[in-house]
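Undergrad: The structure under discussion is supplied below as structure tokens; questions concerning it will follow.
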Amino acid sequence: MSVVEIVDHPLIQHKISLLRDRNTGTKEFRDLVSEIAMLLCYEATRDLPTEEVEVETPVALARTKVLAGRKLALVPILRAGLGMVDGMLSLIPAAKVGHIGMYRNEETLQPVEYYCKLPNDINEREVFVLDPMLATGGSASDAIGQIKARGAKHIKFIGLIAAPEGLKALHEAHPDVDIYVAALDERLNENGYIIPGLGDAGDRIFGTK
Ligand code: PRP
Ligand code: URA
């Protein structure tokens, strides 16, 4: 059974509220995206396997646990997913990073792929696909389809805000993929924007509007 989790920790809710505010500027927005990604990473890595080791403390021998060395990869969906990479890497610094470029055709809302570069051993890695916005779900579903086609078998999606339509579409397209998001909003508007959402995530991260 895959996981669909709205990670509504108070710190995340607080930061998401700041993120939604139209008066939040580019630098603060970028910092918040990174901080929320770090908090989501904590939750999405909860099931990583561990193994027991012995460590000498200054006073005794401790039987304790370390990560069992599963290989990890991050794949941000360009552009906006890039904003989540640093926050994730701050907790899992050894992860390799691939990139997949997708944009939505503004009229049809259909995703268009324009770039894909993944670690060669993606089939051996646990892959975290990153995108702040899950609107229709088209971009995330297509990106994950491409990543699977290149051999990946263990994939989790991490996002900040989802519309019910997008969550359902992604779960139906990829029932094996665990989904972690920080907020589930009301709906999509006629232009495919999440309501209330936060506007265009890429533009707000990169200051392009
Ligand atoms: C945004 C967002 C997602 C996509 C979500 O990207 O970052 O990738 O829209 O919409 P969907 O769920 O309906 O596919 P956008 O197309 O604006 O590209 P950008 O990040 O390059 O600005
Ligand atoms: N992409 C965004 O950046 N925001 C939305 O609300 C929907 C898609």
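Here, A, B, ... name the chains of the structure tokens in the order displayed, residue numbers run from 1 inside each chain, and ligands are numbered from 1 in the same displayed order.
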Do a neighbour search on A:Lys15 at 9 Å with only C-alpha atoms, toss out local chain neighbours closer than 6 positions, and write the hits as a PyMOL selection string.

TA: chain A and resi 32-33+35-36

Undergrad: Report as JSON, numbers by chain: the residues of stretch 86-174 of chain A with a DSSP assignment of alpha helix (DSSP H), based on the backbone of this structure.

TA: {"A": [86, 87, 88, 89, 90, 91, 138, 139, 140, 141, 142, 143, 144, 145, 146, 147, 148, 149, 164, 165, 166, 167, 168, 169, 170, 171, 172, 173]}

Undergrad: For the residues in that selection, give me C-alpha atoms as an mmCIF file, in the first residue's frame.

TA:
data_model
loop_
_atom_site.group_PDB
_atom_site.id
_atom_site.type_symbol
_atom_site.label_atom_id
_atom_site.label_comp_id
_atom_site.auth_asym_id
_atom_site.auth_seq_id
_atom_site.Cartn_x
_atom_site.Cartn_y
_atom_site.Cartn_z
ATOM 1 C CA ASP A 86 18.896 22.505 -1.161
ATOM 2 C CA GLY A 87 16.458 21.819 1.667
ATOM 3 C CA MET A 88 16.387 18.118 0.811
ATOM 4 C CA LEU A 89 20.180 17.936 0.441
ATOM 5 C CA SER A 90 20.668 19.533 3.838
ATOM 6 C CA LEU A 91 19.304 16.275 5.348
ATOM 7 C CA GLY A 138 -0.131 16.110 -15.448
ATOM 8 C CA SER A 139 3.477 17.277 -14.976
ATOM 9 C CA ALA A 140 4.186 15.001 -12.010
ATOM 10 C CA SER A 141 2.495 11.972 -13.630
ATOM 11 C CA ASP A 142 4.410 12.417 -16.893
ATOM 12 C CA ALA A 143 7.719 13.088 -15.131
ATOM 13 C CA ILE A 144 7.331 9.949 -13.019
ATOM 14 C CA GLY A 145 6.406 7.974 -16.154
ATOM 15 C CA GLN A 146 9.654 9.132 -17.786
ATOM 16 C CA ILE A 147 11.706 8.310 -14.690
ATOM 17 C CA LYS A 148 10.147 4.821 -14.513
ATOM 18 C CA ALA A 149 10.826 4.321 -18.224
ATOM 19 C CA PRO A 164 -7.615 17.392 -4.979
ATOM 20 C CA GLU A 165 -7.709 16.840 -8.765
ATOM 21 C CA GLY A 166 -3.919 16.546 -8.978
ATOM 22 C CA LEU A 167 -3.583 14.275 -5.966
ATOM 23 C CA LYS A 168 -6.207 11.916 -7.401
ATOM 24 C CA ALA A 169 -4.696 11.961 -10.912
ATOM 25 C CA LEU A 170 -1.171 11.237 -9.652
ATOM 26 C CA HIS A 171 -2.326 8.476 -7.313
ATOM 27 C CA GLU A 172 -4.367 6.840 -10.101
ATOM 28 C CA ALA A 173 -1.537 7.111 -12.661
#

Undergrad: Write out, as JSON lines, each residue of chain A that has an atom at most 10 Å from ligand 1, together with the closest pair of atoms and their distance in Å to one decimal, counting only C-alpha atoms and all ligand atoms, rows going by chain and rising number.

TA:
{"residue": "A:Pro76", "atom": "CA", "partner": "ligand 1", "partner_atom_place_in_ligand_line": "8 (O)", "distance": 9.2}
{"residue": "A:Ile77", "atom": "CA", "partner": "ligand 1", "partner_atom_place_in_ligand_line": "8 (O)", "distance": 6.0}
{"residue": "A:Leu78", "atom": "CA", "partner": "ligand 1", "partner_atom_place_in_ligand_line": "20 (O)", "distance": 5.3}
{"residue": "A:Arg79", "atom": "CA", "partner": "ligand 1", "partner_atom_place_in_ligand_line": "20 (O)", "distance": 3.8}
{"residue": "A:Ala80", "atom": "CA", "partner": "ligand 1", "partner_atom_place_in_ligand_line": "20 (O)", "distance": 4.2}
{"residue": "A:Gly81", "atom": "CA", "partner": "ligand 1", "partner_atom_place_in_ligand_line": "7 (O)", "distance": 6.3}
{"residue": "A:Leu82", "atom": "CA", "partner": "ligand 1", "partner_atom_place_in_ligand_line": "20 (O)", "distance": 8.7}
{"residue": "A:Gly83", "atom": "CA", "partner": "ligand 1", "partner_atom_place_in_ligand_line": "20 (O)", "distance": 9.9}
{"residue": "A:Ile100", "atom": "CA", "partner": "ligand 1", "partner_atom_place_in_ligand_line": "8 (O)", "distance": 9.9}
{"residue": "A:Gly101", "atom": "CA", "partner": "ligand 1", "partner_atom_place_in_ligand_line": "21 (O)", "distance": 7.5}
{"residue": "A:Met102", "atom": "CA", "partner": "ligand 1", "partner_atom_place_in_ligand_line": "8 (O)", "distance": 6.4}
{"residue": "A:Tyr103", "atom": "CA", "partner": "ligand 1", "partner_atom_place_in_ligand_line": "16 (O)", "distance": 3.6}
{"residue": "A:Arg104", "atom": "CA", "partner": "ligand 1", "partner_atom_place_in_ligand_line": "16 (O)", "distance": 3.8}
{"residue": "A:Asn105", "atom": "CA", "partner": "ligand 1", "partner_atom_place_in_ligand_line": "16 (O)", "distance": 7.1}
{"residue": "A:Glu106", "atom": "CA", "partner": "ligand 1", "partner_atom_place_in_ligand_line": "16 (O)", "distance": 7.8}
{"residue": "A:Thr108", "atom": "CA", "partner": "ligand 1", "partner_atom_place_in_ligand_line": "13 (O)", "distance": 9.9}
{"residue": "A:Leu109", "atom": "CA", "partner": "ligand 1", "partner_atom_place_in_ligand_line": "13 (O)", "distance": 6.1}
{"residue": "A:Gln110", "atom": "CA", "partner": "ligand 1", "partner_atom_place_in_ligand_line": "14 (O)", "distance": 6.8}
{"residue": "A:Pro111", "atom": "CA", "partner": "ligand 1", "partner_atom_place_in_ligand_line": "14 (O)", "distance": 5.8}
{"residue": "A:Val112", "atom": "CA", "partner": "ligand 1", "partner_atom_place_in_ligand_line": "16 (O)", "distance": 8.4}
{"residue": "A:Leu130", "atom": "CA", "partner": "ligand 1", "partner_atom_place_in_ligand_line": "8 (O)", "distance": 9.0}
{"residue": "A:Asp131", "atom": "CA", "partner": "ligand 1", "partner_atom_place_in_ligand_line": "7 (O)", "distance": 5.6}
{"residue": "A:Pro132", "atom": "CA", "partner": "ligand 1", "partner_atom_place_in_ligand_line": "7 (O)", "distance": 5.9}
{"residue": "A:Met133", "atom": "CA", "partner": "ligand 1", "partner_atom_place_in_ligand_line": "2 (C)", "distance": 4.8}
{"residue": "A:Leu134", "atom": "CA", "partner": "ligand 1", "partner_atom_place_in_ligand_line": "12 (O)", "distance": 4.2}
{"residue": "A:Ala135", "atom": "CA", "partner": "ligand 1", "partner_atom_place_in_ligand_line": "12 (O)", "distance": 3.5}
{"residue": "A:Thr136", "atom": "CA", "partner": "ligand 1", "partner_atom_place_in_ligand_line": "13 (O)", "distance": 3.6}
{"residue": "A:Gly137", "atom": "CA", "partner": "ligand 1", "partner_atom_place_in_ligand_line": "12 (O)", "distance": 3.5}
{"residue": "A:Gly138", "atom": "CA", "partner": "ligand 1", "partner_atom_place_in_ligand_line": "14 (O)", "distance": 4.0}
{"residue": "A:Ser139", "atom": "CA", "partner": "ligand 1", "partner_atom_place_in_ligand_line": "14 (O)", "distance": 3.6}
{"residue": "A:Ala140", "atom": "CA", "partner": "ligand 1", "partner_atom_place_in_ligand_line": "12 (O)", "distance": 6.2}
{"residue": "A:Ser141", "atom": "CA", "partner": "ligand 1", "partner_atom_place_in_ligand_line": "14 (O)", "distance": 8.0}
{"residue": "A:Asp142", "atom": "CA", "partner": "ligand 1", "partner_atom_place_in_ligand_line": "14 (O)", "distance": 8.5}
{"residue": "A:Ala143", "atom": "CA", "partner": "ligand 1", "partner_atom_place_in_ligand_line": "8 (O)", "distance": 9.2}
{"residue": "A:Gly159", "atom": "CA", "partner": "ligand 1", "partner_atom_place_in_ligand_line": "7 (O)", "distance": 9.4}
{"residue": "A:Ile161", "atom": "CA", "partner": "ligand 1", "partner_atom_place_in_ligand_line": "5 (C)", "distance": 9.9}
{"residue": "A:Ala162", "atom": "CA", "partner": "ligand 1", "partner_atom_place_in_ligand_line": "12 (O)", "distance": 8.3}
{"residue": "A:Ala163", "atom": "CA", "partner": "ligand 1", "partner_atom_place_in_ligand_line": "12 (O)", "distance": 8.4}
{"residue": "A:Glu165", "atom": "CA", "partner": "ligand 1", "partner_atom_place_in_ligand_line": "12 (O)", "distance": 8.8}
{"residue": "A:Gly166", "atom": "CA", "partner": "ligand 1", "partner_atom_place_in_ligand_line": "12 (O)", "distance": 5.9}
{"residue": "A:Leu167", "atom": "CA", "partner": "ligand 1", "partner_atom_place_in_ligand_line": "12 (O)", "distance": 8.9}
{"residue": "A:Ala169", "atom": "CA", "partner": "ligand 1", "partner_atom_place_in_ligand_line": "12 (O)", "distance": 9.1}
{"residue": "A:Leu170", "atom": "CA", "partner": "ligand 1", "partner_atom_place_in_ligand_line": "12 (O)", "distance": 8.8}
{"residue": "A:Leu188", "atom": "CA", "partner": "ligand 1", "partner_atom_place_in_ligand_line": "13 (O)", "distance": 9.0}
{"residue": "A:Asn191", "atom": "CA", "partner": "ligand 1", "partner_atom_place_in_ligand_line": "13 (O)", "distance": 9.5}
{"residue": "A:Gly192", "atom": "CA", "partner": "ligand 1", "partner_atom_place_in_ligand_line": "13 (O)", "distance": 6.2}
{"residue": "A:Tyr193", "atom": "CA", "partner": "ligand 1", "partner_atom_place_in_ligand_line": "13 (O)", "distance": 7.7}
{"residue": "A:Ile194", "atom": "CA", "partner": "ligand 1", "partner_atom_place_in_ligand_line": "10 (O)", "distance": 8.8}
{"residue": "A:Gly199", "atom": "CA", "partner": "ligand 1", "partner_atom_place_in_ligand_line": "17 (O)", "distance": 9.6}
{"residue": "A:Asp200", "atom": "CA", "partner": "ligand 1", "partner_atom_place_in_ligand_line": "17 (O)", "distance": 6.2}
{"residue": "A:Ala201", "atom": "CA", "partner": "ligand 1", "partner_atom_place_in_ligand_line": "7 (O)", "distance": 6.0}
{"residue": "A:Gly202", "atom": "CA", "partner": "ligand 1", "partner_atom_place_in_ligand_line": "22 (O)", "distance": 4.2}
{"residue": "A:Asp203", "atom": "CA", "partner": "ligand 1", "partner_atom_place_in_ligand_line": "22 (O)", "distance": 6.2}
{"residue": "A:Arg204", "atom": "CA", "partner": "ligand 1", "partner_atom_place_in_ligand_line": "22 (O)", "distance": 9.2}
{"residue": "A:Ile205", "atom": "CA", "partner": "ligand 1", "partner_atom_place_in_ligand_line": "20 (O)", "distance": 9.3}
{"residue": "A:Phe206", "atom": "CA", "partner": "ligand 1", "partner_atom_place_in_ligand_line": "22 (O)", "distance": 9.1}
{"residue": "A:Thr208", "atom": "CA", "partner": "ligand 1", "partner_atom_place_in_ligand_line": "22 (O)", "distance": 9.2}

Undergrad: Just checking: using only C-alpha atoms and all ligand atoms, which residue out of A:Leu39, A:Arg20, A:Gly69, A:His14 ends up closest to ligand 2?

TA: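 Nearest candidate to ligand 2 out of A:Leu39, A:Arg20, A:Gly69, A:His14: A:Arg20.
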
Undergrad: Find the nearest atom pair between each residue of stretch 70-148 of chain A and stretch 44-56 of chain A for residues within 10 Å, count only C-alpha atoms, give distances in Å to one decimal, sort rows by chain and ascending number, and present the table as a Markdown table.

TA:
| residue | atom | partner | partner_atom | distance |
| --- | --- | --- | --- | --- |
| A:Arg70 | CA | A:Pro49 | CA | 7.4 |
| A:Leu91 | CA | A:Thr45 | CA | 9.6 |
| A:Ile92 | CA | A:Thr45 | CA | 9.2 |
| A:Glu126 | CA | A:Leu48 | CA | 9.5 |
| A:Phe128 | CA | A:Ala44 | CA | 8.8 |

Undergrad: Take the residues just selected and output them with all heavy atoms as a PDB file, in the first residue's frame.

TA:
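The resulting selection_37.pdb:
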ATOM      1  N   ARG A  70      21.140   2.806   1.713  1.00  0.00           N
ATOM      2  CA  ARG A  70      20.364   2.781   0.468  1.00  0.00           C
ATOM      3  C   ARG A  70      20.722   4.016  -0.358  1.00  0.00           C
ATOM      4  O   ARG A  70      20.884   5.115   0.161  1.00  0.00           O
ATOM      5  CB  ARG A  70      18.866   2.771   0.766  1.00  0.00           C
ATOM      6  CG  ARG A  70      18.063   2.615  -0.517  1.00  0.00           C
ATOM      7  CD  ARG A  70      16.588   2.616  -0.279  1.00  0.00           C
ATOM      8  NE  ARG A  70      16.112   1.417   0.367  1.00  0.00           N
ATOM      9  CZ  ARG A  70      14.829   1.234   0.701  1.00  0.00           C
ATOM     10  NH1 ARG A  70      13.951   2.160   0.450  1.00  0.00           N
ATOM     11  NH2 ARG A  70      14.447   0.126   1.291  1.00  0.00           N
ATOM     12  N   LEU A  91      19.498  17.476   4.514  1.00  0.00           N
ATOM     13  CA  LEU A  91      19.304  16.275   5.348  1.00  0.00           C
ATOM     14  C   LEU A  91      19.892  15.015   4.721  1.00  0.00           C
ATOM     15  O   LEU A  91      20.289  14.093   5.437  1.00  0.00           O
ATOM     16  CB  LEU A  91      17.813  16.039   5.620  1.00  0.00           C
ATOM     17  CG  LEU A  91      17.106  17.085   6.478  1.00  0.00           C
ATOM     18  CD1 LEU A  91      15.728  16.573   6.881  1.00  0.00           C
ATOM     19  CD2 LEU A  91      17.896  17.420   7.732  1.00  0.00           C
ATOM     20  N   ILE A  92      19.918  14.943   3.380  1.00  0.00           N
ATOM     21  CA  ILE A  92      20.473  13.741   2.717  1.00  0.00           C
ATOM     22  C   ILE A  92      21.539  14.186   1.706  1.00  0.00           C
ATOM     23  O   ILE A  92      21.337  14.095   0.486  1.00  0.00           O
ATOM     24  CB  ILE A  92      19.350  12.888   2.065  1.00  0.00           C
ATOM     25  CG1 ILE A  92      18.352  13.752   1.270  1.00  0.00           C
ATOM     26  CG2 ILE A  92      18.605  12.099   3.112  1.00  0.00           C
ATOM     27  CD1 ILE A  92      17.345  12.916   0.472  1.00  0.00           C
ATOM     28  N   GLU A 126      16.502   4.958  -4.539  1.00  0.00           N
ATOM     29  CA  GLU A 126      15.194   5.451  -4.115  1.00  0.00           C
ATOM     30  C   GLU A 126      15.109   6.896  -4.596  1.00  0.00           C
ATOM     31  O   GLU A 126      15.979   7.708  -4.288  1.00  0.00           O
ATOM     32  CB  GLU A 126      15.070   5.382  -2.599  1.00  0.00           C
ATOM     33  CG  GLU A 126      13.845   6.073  -2.104  1.00  0.00           C
ATOM     34  CD  GLU A 126      13.105   5.270  -1.031  1.00  0.00           C
ATOM     35  OE1 GLU A 126      13.598   4.204  -0.629  1.00  0.00           O
ATOM     36  OE2 GLU A 126      12.050   5.714  -0.624  1.00  0.00           O
ATOM     37  N   PHE A 128      13.334  10.617  -5.137  1.00  0.00           N
ATOM     38  CA  PHE A 128      12.383  11.607  -4.630  1.00  0.00           C
ATOM     39  C   PHE A 128      12.155  12.638  -5.731  1.00  0.00           C
ATOM     40  O   PHE A 128      13.066  13.394  -6.074  1.00  0.00           O
ATOM     41  CB  PHE A 128      12.942  12.301  -3.379  1.00  0.00           C
ATOM     42  CG  PHE A 128      13.150  11.369  -2.223  1.00  0.00           C
ATOM     43  CD1 PHE A 128      14.363  10.716  -2.045  1.00  0.00           C
ATOM     44  CD2 PHE A 128      12.131  11.123  -1.322  1.00  0.00           C
ATOM     45  CE1 PHE A 128      14.557   9.841  -0.988  1.00  0.00           C
ATOM     46  CE2 PHE A 128      12.310  10.242  -0.261  1.00  0.00           C
ATOM     47  CZ  PHE A 128      13.531   9.601  -0.088  1.00  0.00           C
TER      48      PHE A 128
END

Undergrad: With DSSP run on the backbone, what are the strand (DSSP E) residues within chain A? I'd like them as JSON, numbers by chain.

TA: {"A": [4, 5, 6, 50, 51, 52, 53, 54, 55, 56, 61, 62, 63, 64, 65, 66, 67, 72, 73, 74, 75, 76, 77, 78, 96, 97, 99, 100, 101, 102, 103, 104, 111, 112, 113, 114, 115, 116, 117, 126, 127, 128, 129, 130, 133, 134, 154, 155, 156, 157, 158, 159, 160, 161, 162, 178, 179, 180, 181, 182, 183, 184, 187, 188, 194, 195]}

Undergrad: Would you compute the distance between atom CA of A:Ser17 and atom CA of A:Lys209? Give it in Å to one decimal.

TA: 20.5 Å

Undergrad: For the atom pair atom CA of A:Ile158 and atom CA of A:Thr64, what is the interatomic distance in Å to one decimal place?

TA: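 Distance reported for this atom pair: 29.1 Å.
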
Undergrad: Enter the distance from atom CA of A:Val75 to atom CA of A:His99, in Å, rounded to one decimal.

TA: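 Pair atom CA of A:Val75 / atom CA of A:His99 returns 5.2 Å.
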
Undergrad: Select, from A:Pro175, A:Pro119, A:Gly207, A:Gly151, the residue with the minimum atom-to-atom distance to A:Ala73, counting only C-alpha atoms.

TA: A:Pro119
